[in-house]
$ cat query23.txt   # compact mmCIF, C-alpha atoms (C1' of nucleotides)
# COMPACT_ATOMS: atom_id res chain seq x y z
CA MET A 1 26.15 22.50 3.49
CA THR A 2 27.14 25.05 0.92
CA LEU A 3 24.95 26.38 -1.82
CA ASN A 4 27.52 25.57 -4.47
CA GLN A 5 27.33 21.91 -3.67
CA ILE A 6 24.96 19.76 -5.66
CA ILE A 7 21.76 19.43 -3.69
CA SER A 8 21.13 16.03 -2.15
CA GLU A 9 17.90 14.12 -2.27
CA ASP A 10 17.47 14.60 1.47
CA GLU A 11 17.94 18.32 1.21
CA VAL A 12 15.39 18.46 -1.56
CA ALA A 13 13.01 16.64 0.75
CA LEU A 14 13.59 19.24 3.45
CA MET A 15 13.20 22.12 1.02
CA HIS A 16 9.96 20.60 -0.12
CA ARG A 17 8.62 20.09 3.36
CA TYR A 18 9.53 23.52 4.63
CA ILE A 19 8.92 25.63 1.59
CA CYS A 20 6.80 23.89 -1.01
CA GLU A 21 4.32 22.38 1.40
CA GLY A 22 4.41 25.71 3.19
CA ILE A 23 3.57 28.00 0.31
CA GLY A 24 1.82 25.35 -1.78
CA ASP A 25 -1.62 26.85 -1.35
CA THR A 26 -3.16 30.07 -2.56
CA LYS A 27 -4.44 31.06 0.86
CA ARG A 28 -1.10 30.48 2.52
CA LEU A 29 0.73 32.48 -0.11
CA ARG A 30 -1.74 35.28 0.47
CA LEU A 31 -1.28 34.98 4.23
CA LEU A 32 2.46 35.35 3.85
CA TYR A 33 2.08 38.55 1.87
CA LEU A 34 -0.49 39.90 4.31
CA VAL A 35 1.63 39.34 7.41
CA ALA A 36 4.72 40.57 5.56
CA GLU A 37 2.97 43.90 5.21
CA ARG A 38 2.44 44.14 8.96
CA PRO A 39 1.56 41.80 11.83
CA ARG A 40 -2.08 40.82 11.83
CA ASN A 41 -4.27 38.74 14.10
CA VAL A 42 -6.40 35.77 13.11
CA THR A 43 -9.67 37.66 13.05
CA GLU A 44 -8.29 40.23 10.65
CA LEU A 45 -6.76 37.56 8.43
CA THR A 46 -10.05 35.66 8.42
CA GLU A 47 -11.91 38.73 7.21
CA LEU A 48 -9.40 39.16 4.39
CA LEU A 49 -9.30 35.57 3.20
CA ASP A 50 -12.90 34.50 2.58
CA VAL A 51 -12.58 31.23 4.46
CA THR A 52 -13.65 30.25 7.97
CA GLN A 53 -11.55 30.98 11.03
CA PRO A 54 -10.63 27.32 11.60
CA THR A 55 -9.33 27.14 8.04
CA VAL A 56 -7.18 30.20 8.61
CA SER A 57 -5.86 28.73 11.85
CA HIS A 58 -5.08 25.53 10.00
CA HIS A 59 -3.04 27.40 7.40
CA LEU A 60 -1.29 29.50 10.01
CA ARG A 61 -0.30 26.38 11.85
CA ILE A 62 1.35 24.97 8.76
CA LEU A 63 3.22 28.23 8.22
CA ARG A 64 4.15 28.48 11.90
CA GLU A 65 5.49 24.94 12.13
CA ARG A 66 7.90 25.77 9.33
CA GLY A 67 9.05 29.08 10.71
CA LEU A 68 7.52 30.92 7.79
CA VAL A 69 5.53 33.05 10.24
CA ASN A 70 5.92 33.98 13.89
CA ALA A 71 3.06 34.12 16.39
CA GLU A 72 2.85 36.47 19.36
CA ARG A 73 0.00 36.68 21.81
CA ASP A 74 -1.46 40.01 22.84
CA GLY A 75 -4.33 39.47 25.25
CA THR A 76 -6.74 37.10 23.57
CA SER A 77 -5.48 37.93 20.13
CA ILE A 78 -2.53 36.32 18.43
CA TYR A 79 -0.56 38.39 15.99
CA TYR A 80 1.23 36.73 13.12
CA SER A 81 4.24 38.20 11.36
CA LEU A 82 6.69 37.09 8.69
CA GLY A 83 9.15 34.57 10.04
CA ASP A 84 12.15 35.61 7.98
CA PRO A 85 12.86 38.39 5.50
CA ARG A 86 14.34 35.90 3.05
CA ILE A 87 10.86 34.51 2.48
CA LEU A 88 9.68 37.79 1.03
CA GLU A 89 12.95 38.29 -0.81
CA ALA A 90 12.58 34.94 -2.59
CA MET A 91 8.89 35.47 -3.26
CA ASN A 92 9.56 38.81 -4.87
CA ILE A 93 12.15 37.30 -7.19
CA LEU A 94 9.62 34.70 -8.24
CA ARG A 95 7.02 37.42 -8.51
CA SER A 96 9.13 39.29 -11.03
CA PHE A 97 9.55 36.07 -13.00
CA VAL A 98 5.79 35.55 -13.07
CA ALA A 99 5.23 39.16 -14.07
CA ASP A 100 7.50 38.68 -17.08
CA LYS A 101 5.79 35.44 -18.04
CA ILE A 102 2.40 37.13 -17.98
CA GLN A 103 3.66 39.94 -20.13
CA GLU A 104 5.15 37.48 -22.61
CA ALA A 105 1.87 35.61 -22.83
CA GLY A 106 -0.06 38.82 -23.33
CA SER A 107 -2.08 38.09 -20.22
CA THR A 108 -4.32 35.77 -22.21
CA GLU A 109 -3.42 32.15 -22.66
CA TYR A 110 -2.49 31.50 -19.06
CA GLY A 111 -4.12 34.38 -17.30
CA VAL A 112 -6.24 34.76 -14.21
CA ARG A 113 -8.89 32.13 -13.77
CA SER A 114 -12.36 33.56 -13.35
CA THR A 115 -13.12 32.24 -9.90
CA GLU A 116 -11.82 29.59 -7.58
CA MET B 1 2.99 46.20 -11.58
CA THR B 2 5.74 47.15 -9.21
CA LEU B 3 7.08 45.03 -6.41
CA ASN B 4 6.56 47.76 -3.88
CA GLN B 5 2.86 47.74 -4.48
CA ILE B 6 0.70 45.59 -2.24
CA ILE B 7 0.10 42.33 -4.01
CA SER B 8 -3.41 41.81 -5.35
CA GLU B 9 -5.47 38.70 -4.96
CA ASP B 10 -5.22 38.06 -8.68
CA GLU B 11 -1.47 38.33 -8.64
CA VAL B 12 -1.31 35.92 -5.73
CA ALA B 13 -3.38 33.53 -7.82
CA LEU B 14 -0.91 33.83 -10.69
CA MET B 15 2.06 33.39 -8.38
CA HIS B 16 0.45 30.32 -6.98
CA ARG B 17 -0.33 28.83 -10.37
CA TYR B 18 3.08 29.47 -11.86
CA ILE B 19 5.32 28.89 -8.89
CA CYS B 20 3.62 27.03 -6.09
CA GLU B 21 1.83 24.51 -8.28
CA GLY B 22 5.05 24.30 -10.25
CA ILE B 23 7.44 23.47 -7.46
CA GLY B 24 4.81 21.98 -5.16
CA ASP B 25 6.08 18.45 -5.47
CA THR B 26 9.29 16.79 -4.34
CA LYS B 27 10.02 15.29 -7.73
CA ARG B 28 9.53 18.57 -9.55
CA LEU B 29 11.76 20.40 -7.12
CA ARG B 30 14.40 17.75 -7.71
CA LEU B 31 13.92 18.05 -11.47
CA LEU B 32 14.52 21.78 -11.30
CA TYR B 33 17.79 21.32 -9.46
CA LEU B 34 18.86 18.56 -11.84
CA VAL B 35 18.25 20.55 -15.02
CA ALA B 36 19.75 23.64 -13.39
CA GLU B 37 23.00 21.74 -13.11
CA ARG B 38 23.01 21.02 -16.84
CA PRO B 39 20.48 20.13 -19.54
CA ARG B 40 19.30 16.55 -19.30
CA ASN B 41 16.98 14.38 -21.35
CA VAL B 42 13.96 12.48 -20.11
CA THR B 43 15.67 9.11 -19.97
CA GLU B 44 18.43 10.46 -17.78
CA LEU B 45 15.97 12.23 -15.51
CA THR B 46 13.89 9.07 -15.23
CA GLU B 47 16.92 7.10 -14.08
CA LEU B 48 17.63 9.70 -11.42
CA LEU B 49 14.12 10.05 -10.04
CA ASP B 50 12.89 6.56 -9.19
CA VAL B 51 9.54 6.97 -10.91
CA THR B 52 8.32 5.80 -14.31
CA GLN B 53 9.02 7.71 -17.51
CA PRO B 54 5.39 8.82 -17.95
CA THR B 55 5.46 10.29 -14.46
CA VAL B 56 8.61 12.23 -15.29
CA SER B 57 7.04 13.47 -18.51
CA HIS B 58 3.99 14.52 -16.54
CA HIS B 59 6.09 16.57 -14.14
CA LEU B 60 8.15 18.06 -16.94
CA ARG B 61 4.99 19.14 -18.69
CA ILE B 62 3.85 21.01 -15.61
CA LEU B 63 7.22 22.72 -15.34
CA ARG B 64 7.32 23.45 -19.06
CA GLU B 65 3.84 24.98 -19.18
CA ARG B 66 4.96 27.46 -16.56
CA GLY B 67 8.25 28.38 -18.19
CA LEU B 68 10.16 26.87 -15.27
CA VAL B 69 12.04 24.66 -17.72
CA ASN B 70 12.80 24.81 -21.43
CA ALA B 71 12.64 21.83 -23.77
CA GLU B 72 14.80 21.35 -26.82
CA ARG B 73 14.74 18.39 -29.14
CA ASP B 74 17.94 16.69 -30.28
CA GLY B 75 17.11 13.76 -32.53
CA THR B 76 14.71 11.58 -30.62
CA SER B 77 15.80 12.95 -27.27
CA ILE B 78 14.42 16.05 -25.65
CA TYR B 79 16.72 18.01 -23.41
CA TYR B 80 15.32 20.02 -20.55
CA SER B 81 17.05 23.02 -19.03
CA LEU B 82 16.23 25.65 -16.44
CA GLY B 83 13.76 28.20 -17.78
CA ASP B 84 15.07 31.23 -15.93
CA PRO B 85 18.04 31.90 -13.63
CA ARG B 86 15.75 33.64 -11.15
CA ILE B 87 14.21 30.27 -10.31
CA LEU B 88 17.50 28.98 -8.98
CA GLU B 89 18.27 32.31 -7.34
CA ALA B 90 15.01 32.23 -5.37
CA MET B 91 15.35 28.55 -4.55
CA ASN B 92 18.82 29.10 -3.15
CA ILE B 93 17.58 31.88 -0.88
CA LEU B 94 14.90 29.56 0.43
CA ARG B 95 17.50 26.84 0.68
CA SER B 96 19.61 28.96 2.99
CA PHE B 97 16.52 29.67 5.09
CA VAL B 98 15.80 25.96 5.40
CA ALA B 99 19.43 25.24 6.24
CA ASP B 100 19.22 27.69 9.15
CA LYS B 101 15.97 26.21 10.37
CA ILE B 102 17.46 22.73 10.39
CA GLN B 103 20.44 23.93 12.33
CA GLU B 104 18.21 25.70 14.85
CA ALA B 105 16.18 22.55 15.35
CA GLY B 106 19.32 20.45 15.79
CA SER B 107 18.33 18.35 12.81
CA THR B 108 16.05 16.30 15.03
CA GLU B 109 12.50 17.42 15.63
CA TYR B 110 11.70 18.21 12.03
CA GLY B 111 14.41 16.31 10.24
CA VAL B 112 14.48 14.06 7.22
CA ARG B 113 11.68 11.54 7.07
CA SER B 114 12.89 7.95 6.80
CA THR B 115 11.18 7.00 3.56
CA GLU B 116 8.41 8.25 1.37
C1' DG C 1 7.50 1.17 -46.06
C1' DT C 2 9.26 -1.41 -41.16
C1' DT C 3 11.63 -1.33 -36.83
C1' DC C 4 13.65 0.70 -32.87
C1' DT C 5 14.14 4.20 -29.49
C1' DA C 6 12.53 8.35 -26.99
C1' DT C 7 8.94 10.96 -25.27
C1' DA C 8 4.05 12.18 -24.57
C1' DT C 9 -0.77 11.25 -23.59
C1' DA C 10 -5.01 8.88 -21.69
C1' DG C 11 -7.46 6.79 -18.16
C1' DA C 12 -7.84 4.68 -13.61
C1' DC C 13 -6.88 4.67 -8.88
C1' DA C 14 -5.19 5.78 -4.38
C1' DT C 15 -3.54 9.22 -1.48
C1' DC C 16 -3.41 13.75 0.12
C1' DT C 17 -5.36 17.96 1.72
C1' DA C 18 -8.31 22.15 1.93
C1' DT C 19 -12.46 22.98 3.75
C1' DC C 20 -16.28 22.95 6.87
C1' DA C 21 -19.17 22.39 11.30
C1' DA C 22 -18.68 21.41 15.94
C1' DT C 23 -16.10 21.69 19.89
C1' DA C 24 -12.22 22.74 22.95
C1' DT C 25 -8.96 25.92 24.99
C1' DA C 26 -7.34 30.35 26.62
C1' DT C 27 -7.52 35.04 28.13
C1' DA C 28 -10.08 38.98 29.91
C1' DA C 29 -13.77 41.14 32.30
C1' DA C 30 -17.42 41.29 35.46
C1' DT D 1 -17.13 31.60 39.02
C1' DT D 2 -19.59 33.02 34.99
C1' DT D 3 -19.67 35.23 30.54
C1' DA D 4 -17.68 36.86 26.33
C1' DT D 5 -14.21 36.90 22.87
C1' DA D 6 -10.25 34.95 20.26
C1' DT D 7 -7.91 31.13 18.63
C1' DA D 8 -7.00 26.14 18.13
C1' DT D 9 -8.31 21.36 17.44
C1' DT D 10 -11.11 17.37 15.85
C1' DG D 11 -13.43 14.62 12.59
C1' DA D 12 -15.69 14.20 8.20
C1' DT D 13 -15.89 14.97 3.30
C1' DA D 14 -15.10 16.42 -1.32
C1' DG D 15 -11.91 17.67 -4.69
C1' DA D 16 -7.22 17.67 -6.38
C1' DT D 17 -3.18 15.26 -7.91
C1' DG D 18 0.79 11.93 -8.18
C1' DT D 19 1.37 7.53 -9.75
C1' DC D 20 0.78 3.61 -12.51
C1' DT D 21 -0.22 0.75 -16.97
C1' DA D 22 -1.31 0.93 -21.61
C1' DT D 23 -1.05 3.29 -25.71
C1' DA D 24 0.12 6.97 -28.97
C1' DT D 25 3.32 9.94 -31.34
C1' DA D 26 7.78 11.38 -33.22
C1' DG D 27 12.24 10.81 -35.12
C1' DA D 28 16.17 7.90 -36.90
C1' DA D 29 17.97 3.95 -39.24
C1' DC D 30 17.35 0.43 -42.37

$ encode --input "query23.txt" --output "structure tokens"
Amino acid sequence: MTLNQIISEDEVALMHRYICEGIGDTKRLRLLYLVAERPRNVTELTELLDVTQPTVSHHLRILRERGLVNAERDGTSIYYSLGDPRILEAMNILRSFVADKIQEAGSTEYGVRSTE
Amino acid sequence: MTLNQIISEDEVALMHRYICEGIGDTKRLRLLYLVAERPRNVTELTELLDVTQPTVSHHLRILRERGLVNAERDGTSIYYSLGDPRILEAMNILRSFVADKIQEAGSTEYGVRSTE
DNA sequence: GTTCTATATAGACATCTATCAATATATAAA
DNA sequence: TTTATATATTGATAGATGTCTATATAGAAC
């Protein structure tokens, strides 16, 4: 498979399963950025995410199954880290796109929702 | 906002709304690749996607609201094109990541689902 | 005006999934 | 082995959303 080739329906399906399902949730996107900063264990991530520990484990499993994060045990703790630098690279490109969009919109019409 | 700064919870929310909700569906991901190839109208996209025209319009609206695609009317047709080259750039980085993952897994354990 | 074609919207419904509480598993320490 | 801590899994539920049919809107041709 080359990137110049037109993408097939099957490859789109794989992209969707690995990436879109992977990052398709606010908490998981946040998790990716948090573990990209430095490896963190589940307890720490739970404190940062405002959801229960089982929910965090659930999200980490989804990320782990897709190779978006790596898990490494240290005693009773398990430390999660970013699975591949390309993840952050792509996210930062998209981040710059979003930043421009927000600026265009004047941070009003489509801005931050109050709570969620 | 700089990309070196640690990402805030609000910015994660924006990223999620613009990007993850945007590409968080197989059909929309496919639409992005299709209009990235060249501008296409709704009828053409409907023929390529195996869903009804209202469903395609629904997806296009979601992409359009986020600036992921542009819409331009030509007579009664409306042609959609890619909203920003960075979208494709980021998607191709993720695509190469997925390609590696598939190769690692031997295209078996987490391969293409039969139907959906 | 009417008619035809292209696209968008509204409303209903089924499926998916994020979340929780409860419980299980695993490692370490005593 | 027992106890304590850290993480994972299970099962249930509520909310979100992709899809459809039916209908509305918009432009072009007559």

$ atom_distance --input "query23.txt" --atom1 "CA of Ile62 (chain B)" --atom2 "CA of Glu44 (chain B)"
18.1 Å

$ atom_distance --input "query23.txt" --atom1 "CA of Ile87 (chain B)" --atom2 "CA of Ala71 (chain A)"
29.2 Å

$ closest_residue --input "query23.txt" --among "C:DT23, C:DT3, C:DT9, C:DT17" --to "chain B" --atoms "only C-alpha atoms (C1' of nucleotides)"
C:DT9

$ residues_around --input "query23.txt" --residues "DC20 (chain C)" --least-positions-apart "5" --cutoff "10 Å" --atoms "all atoms listed in the file" --output "PyMOL selection string"
(chain A and resi 51-52+54-55) or (chain D and resi 12-13)

$ interface_residues --input "query23.txt" --of "chain B" --to "chain C" --cutoff "7 Å" --atoms "all atoms listed in the file" --output "PyMOL selection string"
chain B and resi 57+76-77

$ atom_distance --input "query23.txt" --atom1 "CA of Gln53 (chain A)" --atom2 "CA of Ile23 (chain A)"
18.8 Å

$ closest_residue --input "query23.txt" --among "B:Arg66, B:Arg38, B:Arg95, B:Lys27" --to "chain D" --atoms "all atoms listed in the file"
B:Lys27

$ interface_residues --input "query23.txt" --of "chain D" --to "chain A" --cutoff "8 Å" --atoms "only C-alpha atoms (C1' of nucleotides)" --output "PyMOL selection string"
chain D and resi 5-8

$ closest_atom_pairs --input "query23.txt" --of "chain B" --to "chain A" --cutoff "9 Å" --atoms "only C-alpha atoms" --output "JSON lines"
{"residue": "B:Met1", "atom": "CA", "partner": "A:Ala99", "partner_atom": "CA", "distance": 7.8}
{"residue": "B:Thr2", "atom": "CA", "partner": "A:Ser96", "partner_atom": "CA", "distance": 8.8}
{"residue": "B:Leu3", "atom": "CA", "partner": "A:Asn92", "partner_atom": "CA", "distance": 6.9}
{"residue": "B:Ile6", "atom": "CA", "partner": "A:Glu37", "partner_atom": "CA", "distance": 8.0}
{"residue": "B:Ile7", "atom": "CA", "partner": "A:Tyr33", "partner_atom": "CA", "distance": 7.3}
{"residue": "B:Ser8", "atom": "CA", "partner": "A:Arg30", "partner_atom": "CA", "distance": 8.9}
{"residue": "B:Glu9", "atom": "CA", "partner": "A:Arg30", "partner_atom": "CA", "distance": 7.4}
{"residue": "B:Asp10", "atom": "CA", "partner": "A:Val112", "partner_atom": "CA", "distance": 6.5}
{"residue": "B:Glu11", "atom": "CA", "partner": "A:Val112", "partner_atom": "CA", "distance": 8.2}
{"residue": "B:Val12", "atom": "CA", "partner": "A:Arg30", "partner_atom": "CA", "distance": 6.2}
{"residue": "B:Ala13", "atom": "CA", "partner": "A:Thr26", "partner_atom": "CA", "distance": 6.3}
{"residue": "B:Leu14", "atom": "CA", "partner": "A:Val112", "partner_atom": "CA", "distance": 6.5}
{"residue": "B:Met15", "atom": "CA", "partner": "A:Val98", "partner_atom": "CA", "distance": 6.4}
{"residue": "B:His16", "atom": "CA", "partner": "A:Thr26", "partner_atom": "CA", "distance": 5.7}
{"residue": "B:Arg17", "atom": "CA", "partner": "A:Thr26", "partner_atom": "CA", "distance": 8.4}
{"residue": "B:Tyr18", "atom": "CA", "partner": "A:Val98", "partner_atom": "CA", "distance": 6.8}
{"residue": "B:Ile19", "atom": "CA", "partner": "A:Leu94", "partner_atom": "CA", "distance": 7.3}
{"residue": "B:Cys20", "atom": "CA", "partner": "A:Gly24", "partner_atom": "CA", "distance": 5.0}
{"residue": "B:Glu21", "atom": "CA", "partner": "A:Gly24", "partner_atom": "CA", "distance": 6.6}
{"residue": "B:Ile23", "atom": "CA", "partner": "A:Cys20", "partner_atom": "CA", "distance": 6.5}
{"residue": "B:Gly24", "atom": "CA", "partner": "A:Cys20", "partner_atom": "CA", "distance": 5.0}
{"residue": "B:Asp25", "atom": "CA", "partner": "A:His16", "partner_atom": "CA", "distance": 6.9}
{"residue": "B:Thr26", "atom": "CA", "partner": "A:His16", "partner_atom": "CA", "distance": 5.7}
{"residue": "B:Lys27", "atom": "CA", "partner": "A:Val12", "partner_atom": "CA", "distance": 8.8}
{"residue": "B:Leu29", "atom": "CA", "partner": "A:Val12", "partner_atom": "CA", "distance": 6.9}
{"residue": "B:Arg30", "atom": "CA", "partner": "A:Val12", "partner_atom": "CA", "distance": 6.3}
{"residue": "B:Tyr33", "atom": "CA", "partner": "A:Ile7", "partner_atom": "CA", "distance": 7.3}
{"residue": "B:Leu34", "atom": "CA", "partner": "A:Ile7", "partner_atom": "CA", "distance": 8.7}
{"residue": "B:Glu37", "atom": "CA", "partner": "A:Ile6", "partner_atom": "CA", "distance": 8.0}
{"residue": "B:Arg66", "atom": "CA", "partner": "A:Lys101", "partner_atom": "CA", "distance": 8.2}
{"residue": "B:Gly67", "atom": "CA", "partner": "A:Lys101", "partner_atom": "CA", "distance": 7.5}
{"residue": "B:Asp84", "atom": "CA", "partner": "A:Phe97", "partner_atom": "CA", "distance": 7.9}
{"residue": "B:Arg86", "atom": "CA", "partner": "A:Ile93", "partner_atom": "CA", "distance": 6.5}
{"residue": "B:Ile87", "atom": "CA", "partner": "A:Leu94", "partner_atom": "CA", "distance": 6.7}
{"residue": "B:Glu89", "atom": "CA", "partner": "A:Ala90", "partner_atom": "CA", "distance": 7.9}
{"residue": "B:Ala90", "atom": "CA", "partner": "A:Ala90", "partner_atom": "CA", "distance": 4.6}
{"residue": "B:Met91", "atom": "CA", "partner": "A:Ala90", "partner_atom": "CA", "distance": 7.2}
{"residue": "B:Asn92", "atom": "CA", "partner": "A:Leu3", "partner_atom": "CA", "distance": 6.8}
{"residue": "B:Ile93", "atom": "CA", "partner": "A:Ala90", "partner_atom": "CA", "distance": 6.1}
{"residue": "B:Leu94", "atom": "CA", "partner": "A:Ala90", "partner_atom": "CA", "distance": 6.6}
{"residue": "B:Arg95", "atom": "CA", "partner": "A:Met15", "partner_atom": "CA", "distance": 6.4}
{"residue": "B:Ser96", "atom": "CA", "partner": "A:Leu3", "partner_atom": "CA", "distance": 7.6}
{"residue": "B:Phe97", "atom": "CA", "partner": "A:Arg86", "partner_atom": "CA", "distance": 6.9}
{"residue": "B:Val98", "atom": "CA", "partner": "A:Met15", "partner_atom": "CA", "distance": 6.4}
{"residue": "B:Ala99", "atom": "CA", "partner": "A:Met1", "partner_atom": "CA", "distance": 7.8}
{"residue": "B:Lys101", "atom": "CA", "partner": "A:Gly67", "partner_atom": "CA", "distance": 7.5}
{"residue": "B:Ile102", "atom": "CA", "partner": "A:Leu14", "partner_atom": "CA", "distance": 8.7}
{"residue": "B:Tyr110", "atom": "CA", "partner": "A:Leu14", "partner_atom": "CA", "distance": 8.8}
{"residue": "B:Gly111", "atom": "CA", "partner": "A:Leu14", "partner_atom": "CA", "distance": 7.4}
{"residue": "B:Val112", "atom": "CA", "partner": "A:Leu14", "partner_atom": "CA", "distance": 6.5}
{"residue": "B:Arg113", "atom": "CA", "partner": "A:Ala13", "partner_atom": "CA", "distance": 8.2}

$ residues_near_point --input "query23.txt" --point "(18.5, 21.9, -23.8)" --cutoff "7 Å" --atoms "all atoms listed in the file" --output "ChimeraX atom specification"
/B:39,70-72,79-81
